[in-house]
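Peer 1: Handing over my_file.txt, compact mmCIF, C-alpha atoms and all ligand atoms.
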```
# COMPACT_ATOMS: atom_id res chain seq x y z
CA MET S 1 0.00 0.00 0.00
CA ASN S 2 1.27 3.48 -0.87
CA PHE S 3 2.34 5.80 1.94
CA SER S 4 -0.48 8.28 1.21
CA ASP S 5 -3.11 5.52 1.27
CA ARG S 6 -1.75 4.20 4.57
CA LEU S 7 -1.82 7.69 6.00
CA ILE S 8 -5.44 8.23 4.93
CA GLU S 9 -6.43 4.89 6.44
CA ILE S 10 -4.89 5.79 9.81
CA ILE S 11 -6.37 9.31 9.73
CA LYS S 12 -9.86 7.87 9.20
CA LYS S 13 -9.39 5.20 11.85
CA LYS S 14 -8.08 7.61 14.45
CA SER S 15 -10.15 10.70 13.50
CA SER S 16 -6.97 12.67 13.94
CA VAL S 17 -4.31 14.39 11.83
CA LEU S 18 -1.99 15.03 14.74
CA ILE S 19 1.66 13.98 14.73
CA ALA S 20 3.60 13.87 18.00
CA GLY S 21 7.02 15.40 17.53
CA ILE S 22 9.73 13.74 19.59
CA ASP S 23 12.26 16.53 20.12
CA THR S 24 13.33 15.57 23.62
CA SER S 25 16.42 16.89 25.37
CA ILE S 26 17.47 15.19 28.58
CA GLU S 27 17.63 18.46 30.54
CA ASN S 28 13.89 19.01 30.00
CA ILE S 29 12.87 15.65 31.43
CA PRO S 30 11.39 16.13 34.92
CA ASP S 31 13.77 15.48 37.82
CA TYR S 32 11.49 12.91 39.44
CA PHE S 33 11.68 10.78 36.30
CA ILE S 34 15.45 11.06 36.07
CA LYS S 35 15.81 10.10 39.75
CA ARG S 36 13.62 7.04 39.18
CA PHE S 37 15.87 5.65 36.46
CA TYR S 38 19.30 7.06 37.27
CA ASP S 39 21.59 4.26 38.40
CA LYS S 40 24.79 5.42 40.09
CA GLU S 41 26.42 2.09 39.28
CA LYS S 42 26.07 2.75 35.57
CA SER S 43 27.91 5.17 33.27
CA GLU S 44 26.48 8.59 32.35
CA ILE S 45 25.98 7.37 28.79
CA ASP S 46 24.09 4.25 29.88
CA ASN S 47 21.86 6.41 32.07
CA LEU S 48 21.30 8.83 29.19
CA LYS S 49 20.25 6.02 26.86
CA THR S 50 17.89 4.44 29.38
CA ILE S 51 16.24 7.70 30.42
CA LEU S 52 15.87 9.06 26.87
CA PHE S 53 14.27 5.83 25.71
CA GLU S 54 12.03 5.31 28.72
CA TYR S 55 10.73 8.90 28.76
CA ASN S 56 9.94 9.01 25.04
CA ARG S 57 8.43 5.53 25.11
CA ARG S 58 6.02 6.60 27.82
CA ILE S 59 5.10 9.79 25.93
CA ILE S 60 4.36 7.72 22.83
CA ASP S 61 2.19 5.30 24.84
CA ALA S 62 0.37 8.19 26.46
CA VAL S 63 -0.49 10.02 23.22
CA GLU S 64 -0.99 7.00 20.95
CA GLU S 65 -4.79 7.24 21.08
CA ASN S 66 -4.76 10.84 19.80
CA VAL S 67 -2.13 10.78 17.06
CA VAL S 68 -1.63 9.24 13.62
CA GLY S 69 2.11 9.20 13.83
CA VAL S 70 5.36 10.25 15.39
CA LYS S 71 8.00 12.55 13.91
CA PHE S 72 11.49 12.09 15.28
CA GLN S 73 13.62 15.21 14.93
CA ALA S 74 17.14 13.92 14.15
CA ALA S 75 18.90 16.85 15.85
CA PHE S 76 17.69 15.87 19.29
CA PHE S 77 19.23 12.40 18.88
CA GLU S 78 22.35 13.53 17.02
CA GLN S 79 23.22 15.84 19.90
CA TYR S 80 24.02 12.66 21.85
CA SER S 81 26.14 11.24 19.00
CA TYR S 82 25.72 7.55 18.16
CA HIS S 83 24.27 6.93 21.61
CA GLY S 84 21.30 9.06 20.61
CA PHE S 85 20.96 7.22 17.33
CA GLU S 86 20.87 3.91 19.17
CA VAL S 87 17.90 5.23 21.15
CA LEU S 88 16.29 6.56 17.95
CA HIS S 89 16.58 3.13 16.35
CA LYS S 90 14.88 1.47 19.33
CA LEU S 91 12.13 4.10 19.42
CA CYS S 92 11.52 3.80 15.70
CA GLU S 93 10.94 0.05 16.08
CA TYR S 94 8.75 0.68 19.10
CA VAL S 95 6.47 3.04 17.13
CA LYS S 96 6.46 0.78 14.09
CA ASN S 97 4.87 -2.01 16.16
CA LYS S 98 2.04 0.33 17.08
CA LYS S 99 1.00 0.79 13.45
CA LEU S 100 1.49 4.53 13.58
CA VAL S 101 3.23 6.47 10.81
CA VAL S 102 6.84 7.14 11.70
CA ILE S 103 8.67 10.10 10.16
CA PHE S 104 12.39 10.84 10.19
CA ASP S 105 12.79 14.61 10.31
CA GLY S 106 16.37 14.91 9.15
CA LYS S 107 15.86 17.44 6.32
CA ARG S 108 18.49 15.47 4.45
CA ASN S 109 19.90 16.08 1.00
CA ASP S 110 23.13 16.24 -1.00
CA ILE S 111 24.48 15.48 -4.48
CA SER S 112 22.77 12.40 -5.86
CA SER S 113 25.35 9.78 -4.76
CA SER S 114 25.26 11.08 -1.18
CA ALA S 115 21.49 11.60 -1.20
CA LYS S 116 21.22 7.94 -2.20
CA GLY S 117 23.13 7.03 0.96
CA TYR S 118 20.64 8.97 3.09
CA SER S 119 17.75 7.39 1.29
CA ASN S 120 19.24 3.90 1.74
CA ALA S 121 19.54 4.54 5.46
CA TYR S 122 16.11 5.94 6.19
CA LEU S 123 13.74 4.75 3.44
CA GLY S 124 15.34 1.95 1.54
CA GLU S 125 18.11 -0.58 1.98
CA THR S 126 21.91 -0.65 2.03
CA LEU S 127 24.13 -3.25 0.38
CA ILE S 128 26.61 -5.00 2.67
CA PHE S 129 28.77 -7.72 1.15
CA GLY S 130 26.18 -8.23 -1.55
CA ARG S 131 23.28 -8.45 0.91
CA LYS S 132 20.54 -5.88 1.22
CA MET S 133 20.11 -4.63 4.78
CA ARG S 134 17.35 -2.44 6.21
CA PHE S 135 18.46 -0.33 9.12
CA PHE S 136 15.61 2.04 9.90
CA GLU S 137 11.93 1.37 9.29
CA PHE S 138 10.75 4.93 8.78
CA ASP S 139 7.68 5.54 6.64
CA ALA S 140 8.74 8.99 5.47
CA ILE S 141 11.56 11.53 5.62
CA THR S 142 11.82 15.32 5.36
CA THR S 143 14.18 16.67 2.67
CA ASN S 144 15.71 19.97 1.67
CA PRO S 145 15.22 20.86 -2.03
CA TYR S 146 18.11 23.34 -2.33
CA LEU S 147 20.25 21.00 -4.44
CA GLY S 148 17.57 20.51 -7.08
CA GLN S 149 16.19 17.50 -8.84
CA ASP S 150 19.16 15.10 -8.82
CA GLY S 151 19.38 15.34 -5.03
CA ILE S 152 15.67 14.55 -4.67
CA LYS S 153 15.51 11.74 -7.22
CA PRO S 154 17.05 8.98 -5.01
CA PHE S 155 14.39 9.65 -2.37
CA VAL S 156 11.55 9.68 -4.91
CA GLU S 157 12.78 6.41 -6.42
CA ASP S 158 12.81 4.77 -2.99
CA CYS S 159 9.32 6.15 -2.32
CA GLU S 160 8.12 4.34 -5.43
CA ARG S 161 10.07 1.16 -4.73
CA PHE S 162 9.39 0.81 -1.04
CA LYS S 163 6.04 2.64 -0.79
CA LYS S 164 7.46 5.38 1.39
CA GLY S 165 6.77 9.09 1.74
CA LEU S 166 8.73 12.28 1.29
CA PHE S 167 8.09 15.78 2.66
CA VAL S 168 10.04 18.49 0.85
CA LEU S 169 10.61 21.82 2.61
CA VAL S 170 8.55 24.39 0.67
CA LYS S 171 7.71 27.19 3.13
CA THR S 172 9.13 26.86 6.61
CA SER S 173 7.75 28.17 9.88
CA ASN S 174 10.80 30.02 11.17
CA PRO S 175 11.19 33.84 11.36
CA SER S 176 13.87 33.93 8.61
CA SER S 177 11.98 31.75 6.15
CA ALA S 178 11.32 34.75 3.87
CA GLU S 179 15.04 35.41 3.43
CA PHE S 180 15.34 32.93 0.54
CA GLN S 181 11.90 31.37 0.20
CA ASP S 182 10.13 34.68 -0.60
CA LEU S 183 12.66 35.89 -3.18
CA ILE S 184 10.97 36.72 -6.48
CA VAL S 185 12.13 34.63 -9.40
CA GLU S 186 10.34 34.88 -12.77
CA ASP S 187 7.44 36.79 -11.14
CA LYS S 188 6.90 34.10 -8.54
CA TYR S 189 8.02 33.49 -5.01
CA LEU S 190 10.81 30.94 -4.84
CA PHE S 191 8.62 28.75 -2.61
CA GLU S 192 6.00 28.64 -5.39
CA LEU S 193 8.61 27.35 -7.83
CA VAL S 194 9.65 24.72 -5.29
CA ALA S 195 5.99 23.71 -4.84
CA GLU S 196 5.69 23.31 -8.63
CA LYS S 197 8.73 21.02 -8.54
CA VAL S 198 7.20 19.00 -5.70
CA TYR S 199 4.15 18.48 -7.91
CA GLU S 200 6.36 17.23 -10.74
CA TRP S 201 8.51 15.00 -8.53
CA GLY S 202 5.45 13.36 -7.02
CA LYS S 203 3.18 12.92 -9.99
CA ASN S 204 4.25 9.32 -10.66
CA CYS S 205 3.80 8.10 -7.11
CA ARG S 206 0.14 8.48 -6.35
CA GLY S 207 -1.87 6.11 -4.19
CA LYS S 208 -5.32 4.71 -4.91
CA GLU S 209 -6.93 7.67 -3.15
CA GLY S 210 -5.24 10.01 -5.63
CA TYR S 211 -2.77 11.63 -3.23
CA SER S 212 0.93 11.81 -4.01
CA ASP S 213 3.50 10.21 -1.72
CA VAL S 214 5.66 13.29 -2.22
CA GLY S 215 4.34 16.05 0.01
CA ALA S 216 5.47 19.44 1.24
CA VAL S 217 6.44 20.93 4.58
CA VAL S 218 4.52 24.18 5.12
CA GLY S 219 4.82 25.97 8.46
CA ALA S 220 1.62 26.73 10.36
CA THR S 221 2.81 30.34 10.61
CA GLN S 222 2.49 30.71 6.80
CA LYS S 223 -1.22 30.88 6.01
CA GLU S 224 -0.86 33.17 2.96
CA ALA S 225 1.77 30.90 1.43
CA ALA S 226 -0.37 27.88 2.30
CA LYS S 227 -3.29 29.17 0.20
CA ARG S 228 -1.01 29.45 -2.83
CA ILE S 229 0.75 26.12 -2.18
CA ARG S 230 -2.62 24.39 -1.96
CA GLU S 231 -3.48 25.65 -5.44
CA ILE S 232 -0.22 24.25 -6.80
CA LEU S 233 -0.44 20.98 -4.85
CA PRO S 234 -4.14 20.05 -4.71
CA ASN S 235 -3.46 16.34 -4.08
CA SER S 236 -0.41 16.30 -1.85
CA PHE S 237 -0.10 15.94 1.87
CA LEU S 238 1.25 18.95 3.71
CA LEU S 239 3.23 18.33 6.88
CA VAL S 240 2.41 21.36 9.01
CA PRO S 241 4.68 22.13 12.00
CA GLY S 242 4.71 25.33 14.03
CA ILE S 243 1.41 25.44 15.93
CA GLY S 244 1.65 26.53 19.56
CA VAL S 245 5.10 27.58 20.73
CA GLN S 246 6.10 29.03 17.32
CA GLY S 247 2.88 31.04 17.05
CA GLY S 248 1.04 29.13 14.33
CA LYS S 249 -2.72 29.19 14.95
CA VAL S 250 -4.89 26.10 14.75
CA GLU S 251 -7.70 28.27 13.23
CA ASP S 252 -5.49 28.95 10.21
CA LEU S 253 -5.33 25.25 9.32
CA LYS S 254 -8.46 25.81 7.23
CA TYR S 255 -6.15 27.42 4.65
CA PHE S 256 -3.92 24.34 4.55
CA VAL S 257 -6.50 21.62 3.89
CA ASP S 258 -7.56 20.59 0.39
CA SER S 259 -11.04 20.73 -1.10
CA ASN S 260 -12.01 17.56 0.84
CA ASN S 261 -10.87 19.10 4.14
CA MET S 262 -8.03 16.56 4.03
CA GLY S 263 -4.41 16.44 3.00
CA ILE S 264 -2.65 17.69 6.12
CA ILE S 265 -0.83 16.22 9.06
CA VAL S 266 -0.05 18.63 11.87
CA ASN S 267 3.01 18.28 14.09
CA SER S 268 3.29 19.41 17.68
CA SER S 269 6.49 18.73 19.59
CA ARG S 270 7.22 20.80 22.72
CA ASP S 271 3.55 21.31 23.61
CA ILE S 272 3.22 17.52 23.83
CA ILE S 273 6.55 16.22 25.14
CA TYR S 274 6.87 18.89 27.82
CA ALA S 275 3.14 19.26 28.52
CA TYR S 276 3.84 18.60 32.21
CA LYS S 277 5.06 22.21 32.40
CA ASN S 278 1.53 23.48 31.61
CA TYR S 279 -0.64 20.67 33.01
CA LEU S 280 0.25 18.35 35.90
CA HIS S 281 3.86 18.73 36.88
CA SER S 282 3.87 15.44 38.78
CA ASP S 283 2.33 13.36 35.98
CA PHE S 284 3.99 13.91 32.61
CA GLU S 285 2.19 11.01 30.92
CA LYS S 286 -1.26 12.27 31.81
CA SER S 287 -0.19 15.79 30.86
CA SER S 288 0.96 14.68 27.41
CA TYR S 289 -2.24 12.70 26.97
CA LEU S 290 -4.38 15.72 27.88
CA ALA S 291 -2.36 18.05 25.64
CA SER S 292 -2.54 15.72 22.65
CA LYS S 293 -6.28 15.22 23.13
CA SER S 294 -6.89 18.93 23.37
CA ILE S 295 -4.75 19.73 20.28
CA LYS S 296 -6.39 16.93 18.30
CA GLU S 297 -9.88 18.17 19.20
CA SER S 298 -9.11 21.79 18.44
CA ILE S 299 -7.71 20.83 15.01
CA ASN S 300 -10.74 18.63 14.27
CA ALA S 301 -13.08 21.48 15.18
CA VAL S 302 -11.43 23.64 12.50
CA ILE S 303 -11.09 21.16 9.65
CA SER S 304 -14.15 18.91 9.93
O1 LIG A 401 10.30 19.88 8.94
C1 LIG A 401 9.85 20.18 10.05
O2 LIG A 401 9.27 19.35 10.74
C2 LIG A 401 9.86 21.59 10.45
C3 LIG A 401 9.77 22.53 9.43
C4 LIG A 401 9.47 23.86 9.74
O3 LIG A 401 9.30 24.70 8.86
N1 LIG A 401 9.35 24.21 11.04
C5 LIG A 401 9.49 23.31 12.07
O4 LIG A 401 9.31 23.71 13.22
N2 LIG A 401 9.81 22.00 11.78
C6 LIG A 401 10.06 21.03 12.88
O5 LIG A 401 8.84 20.85 13.60
C7 LIG A 401 9.08 20.78 15.01
C8 LIG A 401 8.35 21.92 15.70
O6 LIG A 401 8.45 21.82 17.09
P1 LIG A 401 7.50 22.62 18.11
O7 LIG A 401 7.60 24.06 17.75
O8 LIG A 401 8.08 22.31 19.45
O9 LIG A 401 6.10 22.07 17.95
C9 LIG A 401 10.59 20.78 15.16
O10 LIG A 401 11.02 19.43 15.16
C10 LIG A 401 11.10 21.47 13.92
O11 LIG A 401 12.39 21.04 13.55
```
Once more with this new file: its structure as structure tokens, please.

Peer 2:
Amino acid sequence: MNFSDRLIEIIKKKSSVLIAGIDTSIENIPDYFIKRFYDKEKSEIDNLKTILFEYNRRIIDAVEENVVGVKFQAAFFEQYSYHGFEVLHKLCEYVKNKKLVVIFDGKRNDISSSAKGYSNAYLGETLIFGRKMRFFEFDAITTNPYLGQDGIKPFVEDCERFKKGLFVLVKTSNPSSAEFQDLIVEDKYLFELVAEKVYEWGKNCRGKEGYSDVGAVVGATQKEAAKRIREILPNSFLLVPGIGVQGGKVEDLKYFVDSNNMGIIVNSSRDIIYAYKNYLHSDFEKSSYLASKSIKESINAVIS
């Protein structure tokens, strides 16, 4: 089954378009949780690995009912070097068994030979001594389009071959996104030209429901751009981060959906993983559950 069809199936089953973003840093995990798992007999690194896994695992269990998937932000694992990646690998398998969509947010890209390496790692398979090995079982990856078509092609080919998904950065949520993305080229914003490319790159990998497996990342803070991107990409999924902490408003999601009120998945990271700061300080699992339920319901109220 194509990635977009799988996504639609989960969205319908769960009545949700919410993605939990796992962007956890150890220093934001509550002290009581650290004390519970910290073992003085073990090394700092062993404690880090245990606590990072156990905290995120519990968050995922707590929010599972309210989300369609999990997006792992690579940076928060890379900051702990290969120890973090070991935890990421375990968490990825953990989510996979729950039948949720699992996204690697690495914003990867390079010249085609190097892009192929990234795609092998996260979407496809890698050859070792003539044998094909699969290392990560992600369903989709985020990519940066700055290198142009040959850097994107390896990912698109693996999407077709392995029924995976791709989200290309088109209009990002951050304050400086206009610096390059709003430059005018041939009477259009650069992000519009990128959206047109996303349409082209994804037109041969459409699922049965008619959606492409190649989607776009569009920040929730960018409602004007979203209206235009929707016209260019009527049948693509938009991955929408930036609600909450970054100032994106759930009410604006009506400008991101397609004509069927579909076609978006909405990420929330800090508001979910650190919900204990705003809800019940002593119960982070319940806090994350309550936050994810409330975000899911507020999104559904706008787009249904
Ligand atoms: O590709 C992304 O997910 C992404 C693109 C973008 O334009 N803005 C953006 O915030 N993100 C990611 O989405 C997450 C947002 O986190 P919160 O602001 O805590 O919900 C982070 O993991 C960001 O790296």

Peer 1: Which value, in Å to one decimal, gives the distance between atom CA of S:Leu290 and atom CA of S:Lys249?

Peer 2: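 Atom CA of S:Leu290 sits 18.7 Å away from atom CA of S:Lys249.
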
Peer 1: In Å to one decimal, how far is atom CA of S:Lys35 from atom CA of S:Ile59?

Peer 2: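 The value is 17.5 Å.
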
Peer 1: Show me which residues line ligand LIG 401 (chain A), defined as having an atom within 9 Å of a ligand atom where all atoms listed in the file count, and present them as a PyMOL selection string.

Peer 2: chain S and resi 20-23+71-76+105-107+142-143+167-174+177+217-221+239-248+267-273

Peer 1: Skipping near chain neighbours, those fewer than 6 positions away, what residues fall within 6 Å of stretch 155-159 of chain S using only C-alpha atoms, listed as a PDB file with C-alpha atoms, keeping the file's coordinate frame?

Peer 2:
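Generated output (result_30.pdb):
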```
ATOM      1  CA  SER S 119      17.750   7.390   1.290  1.00  0.00           C
ATOM      2  CA  GLY S 124      15.340   1.950   1.540  1.00  0.00           C
ATOM      3  CA  GLY S 165       6.770   9.090   1.740  1.00  0.00           C
TER       4      GLY S 165
END
```

Peer 1: Restricting the calculation to all atoms listed in the file: of S:Ala291, S:Leu127, S:Ile26, S:Ala301, which residue gets closest to S:Tyr279?

Peer 2: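 Smallest distance to S:Tyr279 is found for S:Ala291.
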
Peer 1: Which one of S:Lys98, S:Lys163, S:Lys153, S:Lys49 sits closest to S:Tyr118 if you count all atoms listed in the file?

Peer 2: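 Smallest separation from S:Tyr118 among the options: S:Lys153.
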
Peer 1: Kindly indicate which residue among S:Arg206, S:Glu231, S:Ser259, S:Ser304 lies nearest to S:Asp5, using only C-alpha atoms for the distances.

Peer 2: S:Arg206

Peer 1: Work out how far apart atom CA of S:Phe135 and atom CA of S:Phe162 are and give it in Å to one decimal.

Peer 2: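 Here the two named atoms are 13.7 Å from each other.
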